[in-house]
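Engineer: Below you'll find start.cif; it's mmCIF, C-alpha atoms.
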```
data_run
loop_
_atom_site.label_atom_id
_atom_site.label_comp_id
_atom_site.auth_asym_id
_atom_site.auth_seq_id
_atom_site.Cartn_x
_atom_site.Cartn_y
_atom_site.Cartn_z
CA MET R 1076 -5.95 28.64 53.73
CA ALA R 1077 -4.86 26.86 50.57
CA ARG R 1078 -7.55 25.60 48.22
CA VAL R 1079 -8.78 22.13 49.22
CA ARG R 1080 -9.84 20.49 45.98
CA TYR R 1081 -12.17 17.99 47.65
CA GLY R 1082 -14.02 20.88 49.25
CA ALA R 1083 -17.29 22.34 47.99
CA ARG R 1084 -17.20 24.16 44.68
CA THR R 1085 -18.73 27.59 44.34
CA GLU R 1086 -21.82 28.13 42.22
CA ALA R 1087 -19.67 29.93 39.63
CA GLU R 1088 -17.29 26.96 39.42
CA ILE R 1089 -20.17 24.53 39.02
CA GLN R 1090 -21.67 26.63 36.24
CA ALA R 1091 -18.30 26.94 34.48
CA ALA R 1092 -17.87 23.16 34.52
CA ARG R 1093 -21.35 22.68 33.07
CA SER R 1094 -20.72 25.22 30.31
CA ALA R 1095 -17.43 23.60 29.35
CA SER R 1096 -18.98 20.14 29.08
CA SER R 1097 -21.91 21.40 27.00
CA LYS R 1098 -19.68 22.84 24.22
CA LEU R 1099 -17.67 19.82 23.15
CA PRO R 1100 -16.47 19.73 19.52
CA ASP R 1101 -17.28 16.83 17.22
CA ILE R 1102 -15.27 13.82 18.35
CA TRP R 1103 -14.55 11.38 15.54
CA SER R 1104 -13.97 7.66 15.90
CA THR R 1105 -12.74 4.93 13.57
CA GLY R 1106 -14.68 1.77 14.07
CA VAL R 1107 -15.75 -1.62 12.84
CA VAL R 1108 -19.42 -2.60 13.00
CA ALA R 1109 -20.52 -6.20 12.52
CA VAL R 1110 -24.15 -7.28 12.41
CA TRP R 1111 -25.27 -10.89 12.38
CA GLU R 1112 -28.42 -12.96 12.62
CA SER R 1113 -28.50 -15.13 15.70
CA ASP R 1114 -30.78 -17.64 17.39
CA PRO R 1115 -34.19 -16.01 18.01
CA ASP R 1116 -34.69 -17.76 21.36
CA ALA R 1117 -31.25 -16.71 22.58
CA VAL R 1118 -31.87 -13.07 21.66
CA ALA R 1119 -35.28 -13.10 23.35
CA ALA R 1120 -33.79 -14.65 26.49
CA VAL R 1121 -31.45 -11.72 27.22
CA LEU R 1122 -34.13 -9.01 27.03
CA PRO R 1123 -35.54 -7.81 30.38
CA PRO R 1124 -39.20 -6.74 30.28
CA PRO R 1125 -40.68 -4.53 29.00
CA LEU R 1126 -38.25 -4.90 26.06
CA LYS R 1127 -39.34 -7.28 23.33
CA PRO R 1128 -37.46 -8.93 20.47
CA ALA R 1129 -37.31 -7.13 17.15
CA GLU R 1130 -38.62 -8.72 13.96
CA ARG R 1131 -35.15 -10.08 13.14
CA PRO R 1132 -32.85 -11.66 15.77
CA LEU R 1133 -29.92 -9.35 15.10
CA VAL R 1134 -26.78 -8.85 17.16
CA ARG R 1135 -24.42 -5.93 16.61
CA ALA R 1136 -20.80 -5.48 17.68
CA ASN R 1137 -19.30 -1.97 17.61
CA ILE R 1138 -15.52 -1.75 18.04
CA SER R 1139 -13.98 1.74 17.87
CA LYS R 1140 -10.98 3.89 18.59
CA VAL R 1141 -12.09 7.38 19.61
CA ASP R 1142 -9.97 10.46 18.88
CA LEU R 1143 -10.21 12.17 22.27
CA PRO R 1144 -7.60 14.97 22.42
CA GLY R 1145 -4.62 13.69 24.38
CA TYR R 1146 -6.66 10.78 25.66
CA PRO R 1147 -7.32 8.16 22.97
CA LEU R 1148 -10.10 5.78 23.92
CA GLY R 1149 -11.06 2.28 22.89
CA ALA R 1150 -14.81 1.80 23.07
CA GLY R 1151 -17.04 -1.10 22.13
CA SER R 1152 -20.41 -2.72 22.63
CA VAL R 1153 -22.36 -5.86 21.88
CA ALA R 1154 -26.10 -5.29 21.58
CA VAL R 1155 -29.21 -7.10 20.44
CA ALA R 1156 -32.09 -5.66 18.42
CA ALA R 1157 -35.10 -4.83 20.58
CA VAL R 1158 -38.39 -2.95 20.63
CA HIS R 1159 -40.05 -0.90 23.35
CA ASP R 1160 -43.51 0.57 22.98
CA GLY R 1161 -43.20 0.54 19.18
CA GLN R 1162 -39.71 2.11 19.20
CA GLU R 1163 -37.03 0.00 17.54
CA GLY R 1164 -33.51 0.11 18.95
CA TRP R 1165 -30.67 -1.85 20.49
CA TYR R 1166 -30.14 -3.28 23.96
CA PRO R 1167 -26.40 -3.39 24.81
CA LEU R 1168 -25.28 -6.31 26.95
CA VAL R 1169 -21.69 -5.22 27.49
CA MET R 1170 -19.74 -2.07 26.61
CA PRO R 1171 -15.97 -2.46 27.13
CA MET R 1172 -14.03 0.79 27.58
CA THR R 1173 -10.28 1.17 27.92
CA HIS R 1174 -10.36 4.00 30.51
CA GLU R 1175 -12.31 4.54 33.70
CA ARG R 1176 -13.10 8.09 32.65
CA ALA R 1177 -15.38 6.73 29.93
CA LEU R 1178 -17.25 4.51 32.40
CA ILE R 1179 -18.44 7.11 34.85
CA GLY R 1180 -20.88 9.21 32.85
CA GLY R 1181 -22.32 6.28 30.96
CA ARG R 1182 -22.92 4.05 33.97
CA GLU R 1183 -24.02 6.68 36.50
CA VAL R 1184 -26.03 8.97 34.23
CA PHE R 1185 -27.49 6.71 31.54
CA GLY R 1186 -27.24 3.24 33.08
CA GLU R 1187 -24.95 1.93 30.34
CA PRO R 1188 -23.42 -1.52 31.02
CA LYS R 1189 -19.85 -0.27 30.67
CA LYS R 1190 -16.87 -2.26 31.96
CA LEU R 1191 -13.13 -1.81 31.75
CA GLY R 1192 -11.70 -3.91 28.93
CA GLU R 1193 -9.38 -4.05 25.96
CA VAL R 1194 -10.43 -2.74 22.56
CA ALA R 1195 -8.39 -3.17 19.38
CA VAL R 1196 -8.95 -1.82 15.87
CA GLU R 1197 -6.08 -2.64 13.52
CA ARG R 1198 -5.75 -2.03 9.80
CA ASP R 1199 -2.86 -3.01 7.55
CA GLY R 1200 -3.67 -1.99 4.00
CA LEU R 1201 -6.92 -3.78 3.22
CA VAL R 1202 -6.68 -6.24 6.12
CA VAL R 1203 -8.73 -5.37 9.21
CA ARG R 1204 -8.90 -6.95 12.66
CA ALA R 1205 -10.95 -5.67 15.57
CA SER R 1206 -11.62 -7.23 18.96
CA LEU R 1207 -13.19 -6.80 22.39
CA ALA R 1208 -11.43 -8.48 25.29
CA ARG R 1209 -11.74 -8.79 29.06
CA HIS R 1210 -10.01 -11.12 31.50
CA GLN R 1211 -7.45 -11.97 28.79
CA ILE R 1212 -10.19 -13.38 26.53
CA ALA R 1213 -10.98 -11.78 23.16
CA PHE R 1214 -14.64 -12.74 23.36
CA VAL R 1215 -15.48 -10.96 20.07
CA GLU R 1216 -13.14 -10.78 17.09
CA VAL R 1217 -14.01 -9.37 13.67
CA ARG R 1218 -11.55 -10.00 10.84
CA GLY R 1219 -11.59 -9.53 7.10
CA ALA R 1220 -10.55 -7.41 4.16
CA VAL R 1221 -11.88 -4.12 2.83
CA ASP R 1222 -13.47 -4.67 -0.58
CA GLY R 1223 -14.67 -1.19 -1.48
CA PRO R 1224 -16.29 2.07 -0.40
CA LEU R 1225 -19.95 2.42 0.49
CA PRO R 1226 -22.23 5.43 -0.11
CA LEU R 1227 -22.23 7.77 2.86
CA PRO R 1228 -25.50 7.75 4.76
CA GLY R 1229 -27.07 11.02 5.76
CA PRO R 1230 -27.36 12.01 9.41
CA THR R 1231 -29.18 9.22 11.25
CA ARG R 1232 -30.84 8.83 14.62
CA LYS R 1233 -30.37 5.63 16.61
CA THR R 1234 -31.85 4.52 19.93
CA ASP R 1235 -30.30 2.38 22.65
CA PHE R 1236 -32.21 1.04 25.64
CA TYR R 1237 -30.66 1.05 29.15
CA PHE R 1238 -31.86 0.17 32.63
CA LYS R 1239 -30.65 2.56 35.30
CA PHE R 1240 -30.60 1.22 38.85
CA LEU R 1241 -28.65 0.99 42.11
CA PRO R 1242 -28.37 -2.29 44.01
CA ALA R 1243 -29.70 -1.97 47.55
CA VAL R 1244 -27.34 -1.28 50.43
CA ASP R 1245 -28.51 -4.42 52.28
CA GLY R 1246 -27.95 -6.58 49.19
CA GLU R 1247 -31.65 -7.22 48.62
CA GLY R 1248 -33.09 -5.75 45.44
CA PHE R 1249 -32.69 -2.06 44.59
CA ASP R 1250 -32.51 1.18 46.57
CA ALA R 1251 -35.25 2.62 44.36
CA ASP R 1252 -37.37 1.50 41.44
CA PRO R 1253 -35.22 1.03 38.31
CA VAL R 1254 -36.00 3.11 35.23
CA LEU R 1255 -35.86 2.43 31.51
CA VAL R 1256 -33.83 4.96 29.53
CA HIS R 1257 -34.08 5.72 25.82
CA CYS R 1258 -30.71 7.06 24.70
CA VAL R 1259 -30.97 8.76 21.30
CA ARG R 1260 -27.80 9.26 19.27
CA ASN R 1261 -27.44 11.52 16.26
CA GLU R 1262 -24.75 10.07 14.02
CA LYS R 1263 -22.76 11.59 11.15
CA VAL R 1264 -20.47 9.49 8.92
CA ARG R 1265 -17.62 10.87 6.82
CA LYS R 1266 -16.13 7.59 5.55
CA LEU R 1267 -17.56 4.09 5.15
CA GLU R 1268 -16.17 0.90 3.61
CA ARG R 1269 -17.44 -2.65 3.24
CA ILE R 1270 -15.53 -5.57 4.78
CA THR R 1271 -15.72 -9.16 3.63
CA GLY R 1272 -14.91 -11.30 6.62
CA ASP R 1273 -16.23 -13.17 9.63
CA VAL R 1274 -17.11 -12.81 13.30
CA VAL R 1275 -15.51 -15.08 15.89
CA LEU R 1276 -17.11 -15.47 19.34
CA ARG R 1277 -15.06 -17.06 22.13
CA GLU R 1278 -16.27 -18.57 25.38
CA SER R 1279 -16.05 -16.29 28.42
CA MET R 1280 -17.94 -16.83 31.66
CA TYR R 1281 -17.98 -13.09 32.35
CA ASP R 1282 -18.93 -12.00 28.82
CA PRO R 1283 -20.94 -14.94 27.40
CA VAL R 1284 -21.59 -13.37 24.00
CA ALA R 1285 -20.90 -16.82 22.54
CA ASP R 1286 -24.46 -17.71 23.59
CA LEU R 1287 -25.61 -15.49 20.68
CA PRO R 1288 -24.21 -17.56 17.81
CA VAL R 1289 -23.47 -16.23 14.36
CA ARG R 1290 -26.06 -17.84 12.09
CA ARG R 1291 -25.47 -15.45 9.18
CA VAL R 1292 -23.30 -12.34 8.85
CA VAL R 1293 -25.50 -9.48 7.63
CA GLU R 1294 -22.78 -6.86 7.16
CA ILE R 1295 -19.36 -5.75 8.34
CA THR R 1296 -18.17 -2.18 7.80
CA ILE R 1297 -15.36 0.11 8.84
CA GLY R 1298 -15.91 3.84 8.98
CA GLU R 1299 -15.34 7.21 10.60
CA LYS R 1300 -18.22 8.79 12.48
CA THR R 1301 -19.18 11.24 15.20
CA THR R 1302 -22.23 11.12 17.48
CA ASP R 1303 -23.97 13.01 20.22
CA GLN R 1304 -26.47 11.55 22.65
CA LYS R 1305 -29.39 12.48 24.85
CA GLY R 1306 -31.10 10.23 27.37
CA THR R 1307 -34.72 10.26 28.52
CA VAL R 1308 -36.34 8.27 31.30
CA VAL R 1309 -39.44 6.79 29.69
CA GLU R 1310 -40.87 4.69 32.53
CA ARG R 1311 -40.24 3.01 35.85
CA VAL R 1312 -39.97 -0.74 35.57
CA SER R 1313 -40.75 -3.68 37.82
CA ALA R 1314 -37.88 -4.38 40.20
CA GLN R 1315 -38.99 -7.99 40.51
CA ALA R 1316 -38.95 -8.45 36.73
CA LEU R 1317 -35.50 -6.85 36.33
CA LEU R 1318 -33.72 -8.61 39.21
CA PRO R 1319 -33.06 -11.86 37.28
CA TYR R 1320 -31.07 -9.86 34.69
CA ILE R 1321 -28.83 -7.61 36.81
CA HIS R 1322 -25.92 -10.08 36.59
CA GLN R 1323 -25.54 -8.76 33.04
CA ARG R 1324 -24.08 -5.59 34.56
CA TYR R 1325 -21.48 -7.08 36.89
CA ASP R 1326 -18.66 -9.62 37.08
CA ASP R 1327 -20.22 -12.01 39.57
CA PRO R 1328 -17.90 -14.75 40.95
CA ARG R 1329 -20.88 -17.08 40.92
CA GLN R 1330 -20.90 -16.94 37.13
CA ILE R 1331 -18.28 -19.67 37.22
CA LEU R 1332 -21.22 -21.97 37.99
CA ASP R 1333 -22.95 -20.99 34.76
CA GLY R 1334 -21.94 -23.42 32.06
CA PRO R 1335 -22.24 -22.79 28.32
CA PRO R 1336 -25.35 -24.09 26.51
CA GLU R 1337 -25.51 -27.77 25.79
CA GLY R 1338 -23.88 -28.70 22.50
CA SER R 1339 -21.65 -25.62 22.37
CA VAL R 1340 -17.92 -25.93 21.86
#
```
Just give me the structure as structure tokens.
Structural biologist:
Amino acid sequence: MARVRYGARTEAEIQAARSASSKLPDIWSTGVVAVWESDPDAVAAVLPPPLKPAERPLVRANISKVDLPGYPLGAGSVAVAAVHDGQEGWYPLVMPMTHERALIGGREVFGEPKKLGEVAVERDGLVVRASLARHQIAFVEVRGAVDGPLPLPGPTRKTDFYFKFLPAVDGEGFDADPVLVHCVRNEKVRKLERITGDVVLRESMYDPVADLPVRRVVEITIGEKTTDQKGTVVERVSAQALLPYIHQRYDDPRQILDGPPEGSV
């Protein structure tokens, strides 16, 4: 009978697929990174336990175009500085991706809060504009002008924190205890430039990054980099403590009932 592709793969086929995925070449991206100081209470409010706020209430937006062969990808994230058990890192709140292919591994393997969205990185001479958008709203926009090169950093190691979980089949809680993942990325940079500009946050009920206001821009850069990553489950976490935060992961129709903070525009 003809090969049925949804049928079971042989052990040799499974091993071949694993070997192919473990030997990926360096994949370079061009991206804008903006870091700003925000309201300390707002940053603390988005962190599920056992994560704690870092010393400075920093928020970081990464907006990149990734040079995947034959399959260019827009990838972004908005994250807040956090600490777990003495380890400093970042807790991403939303990670827009332009293709479903990029969602699967991150969400199912690492617990990354990836969602389909629109990602733009545009450069015209010295003028740069980058944005993250979903539901026709560019909820983060970074704009400015390149004002000079920066020294290239050496290889660096960065940590992101994720919560991996599955909502329960009956709609009550989780199917199993959620886990906290430390995702360690080794990053190499081959080009880096400083941008003088600003960060614009726009109101979106599904991506309420505007609740993390820009008090002071720390830095904006544009550069070319490549990274790898490895995740480790570091502990099981309280389902009861995490439940109030799981709306961060999904587009919940009930979010229309959540108004912006008092005094916001």
Engineer: Given all atoms listed in the file, how would the per-residue table for region 1248-1340 of chain R near region 1214-1217 of chain R read, listing every residue at most 12 Å away with its closest atom pair and distance in Å to one decimal, sorted by chain and number, as JSON lines?
Structural biologist:
```
{"residue": "R:Ile1270", "atom": "CA", "partner": "R:Val1217", "partner_atom": "CA", "distance": 9.8}
{"residue": "R:Thr1271", "atom": "CA", "partner": "R:Val1217", "partner_atom": "CA", "distance": 10.2}
{"residue": "R:Gly1272", "atom": "CA", "partner": "R:Val1217", "partner_atom": "CA", "distance": 7.4}
{"residue": "R:Asp1273", "atom": "CA", "partner": "R:Val1217", "partner_atom": "CA", "distance": 6.0}
{"residue": "R:Val1274", "atom": "CA", "partner": "R:Val1217", "partner_atom": "CA", "distance": 4.6}
{"residue": "R:Val1275", "atom": "CA", "partner": "R:Glu1216", "partner_atom": "CA", "distance": 5.1}
{"residue": "R:Leu1276", "atom": "CA", "partner": "R:Val1215", "partner_atom": "CA", "distance": 4.9}
{"residue": "R:Arg1277", "atom": "CA", "partner": "R:Phe1214", "partner_atom": "CA", "distance": 4.5}
{"residue": "R:Glu1278", "atom": "CA", "partner": "R:Phe1214", "partner_atom": "CA", "distance": 6.4}
{"residue": "R:Ser1279", "atom": "CA", "partner": "R:Phe1214", "partner_atom": "CA", "distance": 6.3}
{"residue": "R:Met1280", "atom": "CA", "partner": "R:Phe1214", "partner_atom": "CA", "distance": 9.8}
{"residue": "R:Tyr1281", "atom": "CA", "partner": "R:Phe1214", "partner_atom": "CA", "distance": 9.6}
{"residue": "R:Asp1282", "atom": "CA", "partner": "R:Phe1214", "partner_atom": "CA", "distance": 7.0}
{"residue": "R:Pro1283", "atom": "CA", "partner": "R:Phe1214", "partner_atom": "CA", "distance": 7.8}
{"residue": "R:Val1284", "atom": "CA", "partner": "R:Phe1214", "partner_atom": "CA", "distance": 7.0}
{"residue": "R:Ala1285", "atom": "CA", "partner": "R:Phe1214", "partner_atom": "CA", "distance": 7.5}
{"residue": "R:Asp1286", "atom": "CA", "partner": "R:Phe1214", "partner_atom": "CA", "distance": 11.0}
{"residue": "R:Leu1287", "atom": "CA", "partner": "R:Val1215", "partner_atom": "CA", "distance": 11.1}
{"residue": "R:Pro1288", "atom": "CA", "partner": "R:Val1215", "partner_atom": "CA", "distance": 11.2}
{"residue": "R:Val1289", "atom": "CA", "partner": "R:Val1215", "partner_atom": "CA", "distance": 11.1}
{"residue": "R:Val1292", "atom": "CA", "partner": "R:Val1217", "partner_atom": "CA", "distance": 10.9}
{"residue": "R:Glu1294", "atom": "CA", "partner": "R:Val1217", "partner_atom": "CA", "distance": 11.2}
{"residue": "R:Ile1295", "atom": "CA", "partner": "R:Val1217", "partner_atom": "CA", "distance": 8.4}
{"residue": "R:Thr1296", "atom": "CA", "partner": "R:Val1217", "partner_atom": "CA", "distance": 10.2}
{"residue": "R:Ile1297", "atom": "CA", "partner": "R:Val1217", "partner_atom": "CA", "distance": 10.7}
```
Engineer: Write to file, as an mmCIF file, in the frame of the given file, the residues of the selection just made, with C-alpha atoms.
Structural biologist:
```cif
data_model
loop_
_atom_site.group_PDB
_atom_site.id
_atom_site.type_symbol
_atom_site.label_atom_id
_atom_site.label_comp_id
_atom_site.auth_asym_id
_atom_site.auth_seq_id
_atom_site.Cartn_x
_atom_site.Cartn_y
_atom_site.Cartn_z
ATOM 1 C CA ILE R 1270 -15.530 -5.570 4.780
ATOM 2 C CA THR R 1271 -15.720 -9.160 3.630
ATOM 3 C CA GLY R 1272 -14.910 -11.300 6.620
ATOM 4 C CA ASP R 1273 -16.230 -13.170 9.630
ATOM 5 C CA VAL R 1274 -17.110 -12.810 13.300
ATOM 6 C CA VAL R 1275 -15.510 -15.080 15.890
ATOM 7 C CA LEU R 1276 -17.110 -15.470 19.340
ATOM 8 C CA ARG R 1277 -15.060 -17.060 22.130
ATOM 9 C CA GLU R 1278 -16.270 -18.570 25.380
ATOM 10 C CA SER R 1279 -16.050 -16.290 28.420
ATOM 11 C CA MET R 1280 -17.940 -16.830 31.660
ATOM 12 C CA TYR R 1281 -17.980 -13.090 32.350
ATOM 13 C CA ASP R 1282 -18.930 -12.000 28.820
ATOM 14 C CA PRO R 1283 -20.940 -14.940 27.400
ATOM 15 C CA VAL R 1284 -21.590 -13.370 24.000
ATOM 16 C CA ALA R 1285 -20.900 -16.820 22.540
ATOM 17 C CA ASP R 1286 -24.460 -17.710 23.590
ATOM 18 C CA LEU R 1287 -25.610 -15.490 20.680
ATOM 19 C CA PRO R 1288 -24.210 -17.560 17.810
ATOM 20 C CA VAL R 1289 -23.470 -16.230 14.360
ATOM 21 C CA VAL R 1292 -23.300 -12.340 8.850
ATOM 22 C CA GLU R 1294 -22.780 -6.860 7.160
ATOM 23 C CA ILE R 1295 -19.360 -5.750 8.340
ATOM 24 C CA THR R 1296 -18.170 -2.180 7.800
ATOM 25 C CA ILE R 1297 -15.360 0.110 8.840
#
```
Engineer: Set the distance at 8 Å and use only C-alpha atoms: which residues neighbour region 1182-1189 of chain R once local chain neighbours fewer than 2 positions away are removed? I'd like the list as a VMD selection string.
Structural biologist: chain R and resid 1167 to 1172 1178 to 1180 1191 1237 to 1240 1256 1258 1306 1323 to 1324
Engineer: For a quick check of understanding, using all atoms listed in the file, which of R:Val1158, R:Leu1148, R:Ala1083, R:Ala1129 has the smallest distance to Glu1193 (chain R)?
Structural biologist: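 That would be R:Leu1148, the residue with the smallest distance to Glu1193 (chain R).
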Engineer: Hey, which bits of region 1157-1224 of chain R sit within 7 Å of region 1134-1141 of chain R, and for each residue what's the closest pair of atoms and how far apart in Å (one decimal), counting all atoms listed in the file, rows by chain and increasing number, as JSON lines?
Structural biologist:
```
{"residue": "R:Val1194", "atom": "CA", "partner": "R:Ile1138", "partner_atom": "CA", "distance": 6.9}
{"residue": "R:Val1196", "atom": "CA", "partner": "R:Ser1139", "partner_atom": "CA", "distance": 6.5}
{"residue": "R:Ala1205", "atom": "CA", "partner": "R:Ile1138", "partner_atom": "CA", "distance": 6.5}
{"residue": "R:Ser1206", "atom": "CA", "partner": "R:Ile1138", "partner_atom": "CA", "distance": 6.8}
```
Engineer: Emit the selected residues as a CSV table (one decimal), in the coordinates of the input, including C-alpha atoms.
Structural biologist:
```
chain,number,residue,atom,x,y,z
R,1194,VAL,CA,-10.4,-2.7,22.6
R,1196,VAL,CA,-9.0,-1.8,15.9
R,1205,ALA,CA,-11.0,-5.7,15.6
R,1206,SER,CA,-11.6,-7.2,19.0
```
Engineer: Give me, please, the distance in Å between CA of Leu1267 (chain R) and CA of Ala1157 (chain R), quoted to one decimal.
Structural biologist: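 Rounded to one decimal, the two atoms are 25.0 Å apart.
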Engineer: Have a look at R:Pro1125, R:Tyr1325, R:Tyr1320, R:Thr1105 and name the one nearest to Leu1143 (chain R); count all atoms listed in the file.
Structural biologist: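 The closest residue to Leu1143 (chain R) is R:Thr1105.
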